[in-house]
Amino acid sequence: MLLIGNGNLITRQQENDFIKDGCVAIDGKLIKEVGTTTALKAKYPAAEFIDAKGGLIMPGLVNMHNHIYSTFARGLSINGYHPKNFMDILVGQWFRLDRELDNAATYASGKVAYLDSIKNGVTTMFDHHASYGEIGGSLGELSRAADELGVRTCLCYEVSDRNGEAQMKAAVAENIDFINAAKQRDDDMQHAMMGLHAAFTLSDDTLAYVKAQTPTGTGYHIHIAEGMADVQDSLAKYNKPIVNRLFDWGILGKQTMAGHCIHIGPHEMEILRDTDTMVVTNPESNMGNAVGCPAALKMFNDYHILIGLGTDGYTNDLLESYKFGNLIHKHHLADPNAGWTEIPAMLFNNNPQMANRLFKTKLGVLDAGAAADVIVVDYQAPTPITADNYNSHILFGVNGRMVNDTIINGQVRMRNREVVGVDEAKIWADAQEQAQHLWQRING
């Protein structure tokens, strides 16, 4: 038995969502109950106790869209790379990088990304992988890294026509191999989707092949209308918007997640709503790539689409993305009220709800029977913190590096900012070595 108490407990329950001097009791892989510190310490006097020291006790965070393979782009300078638009960024940086990624680099980048997730309080990560330098076994390397760090993860491989038919089919095969491997697990720590890059790199023949190969019940993880080139390609080649085209191919649905959806219209939003397709918005990445601001608030409020928040490889700090998500819509709409309730709902409520379309154990809430995924944040409030304002405290006062303790699946993965049972120095040294090799291949 493990108790985490003496803090401001944010349960994310519909009722009893905030407990002053709260405590959570963990028994094995699940939460047994929540209450006050006094009551639970009296009830379980022999339990190990983690003292939050007046900070925040929260459910572990869920990242709904990430790109681990972007890890080694940090600090990279590519010869002749001077992007003018989003297509230049894709072709000049990301496609060049993933063409040189091998399994050794994939594994090393996975160790760094999952380690960084733990340090930022992210206990579940959905990743969208590409490593056309070595396709076979790449998801297995990420799976191995996730197991070694103890992070929940959902993986897929990015199918694309950009490197020819043989590599497209190899990417599909890699997805299927991992889908089957994930089905053999009974620990609810890893799941799989069929990854698709974006419609403009997927011909009708490829979509037909993917549909025929994808196991029944498997959802798709795809980028939609991240840039205008994607929109223009679909209209020019197929005479229909992207969402319509994917609907016609049976790609959409409750198990499918659409990343970005920046340049889509009302009719496409209706299709996403009617098919119960999930959407994930990535504010920092969108700003960095200068691709525009999606109508995320409209999708949330007017179309009632299940829309969440991701980092898209830009960072592993979801609380940083929370701040950017709050700002971009205020700036874009020139409305100081925009995003106040919607963005935290996307991050703290919708992300776990989306993840639970794959994971069976209840995520994102501190309640009896839910996953024992808990974080402690070293935050001392300068003003009163209450059930009515704790999201505001998180928005303006907290970032990922303030996470002090991370518990995943009932296991203490970080204690007092020290990741447990992990040789961090080796992870960083291996990453440096693999990054150097990768950079030499890219510029070689």
# chains A, B, ... in the order shown; residues from 1 in each chain; ligands from 1
$ residues_around --residues "Gly250 of chain A" --least-positions-apart "2" --cutoff "10 Å" --atoms "only C-alpha atoms" --output "PyMOL selection string"
chain A and resi 207-208+211+244-248+252-253+275
$ select_by_dssp --residues "segment 10-63 of chain A" --states "helix (DSSP H, G or I)" --output "PyMOL selection string"
chain A and resi 37-43
$ select_by_dssp --residues "segment 110-242 of chain A" --states "strand (DSSP E)" --output "number ranges by chain"
A: 122-127, 152-155, 190-192, 194-198, 220-224
$ closest_residue --among "A:Asn282, A:Thr256, A:Gln213, A:Thr38" --to "Ile176 of chain A" --atoms "only C-alpha atoms"
A:Gln213
$ closest_residue --among "A:Tyr379, A:Tyr81, A:Phe178, A:Phe348" --to "Ala52 of chain A" --atoms "only C-alpha atoms"
A:Tyr379
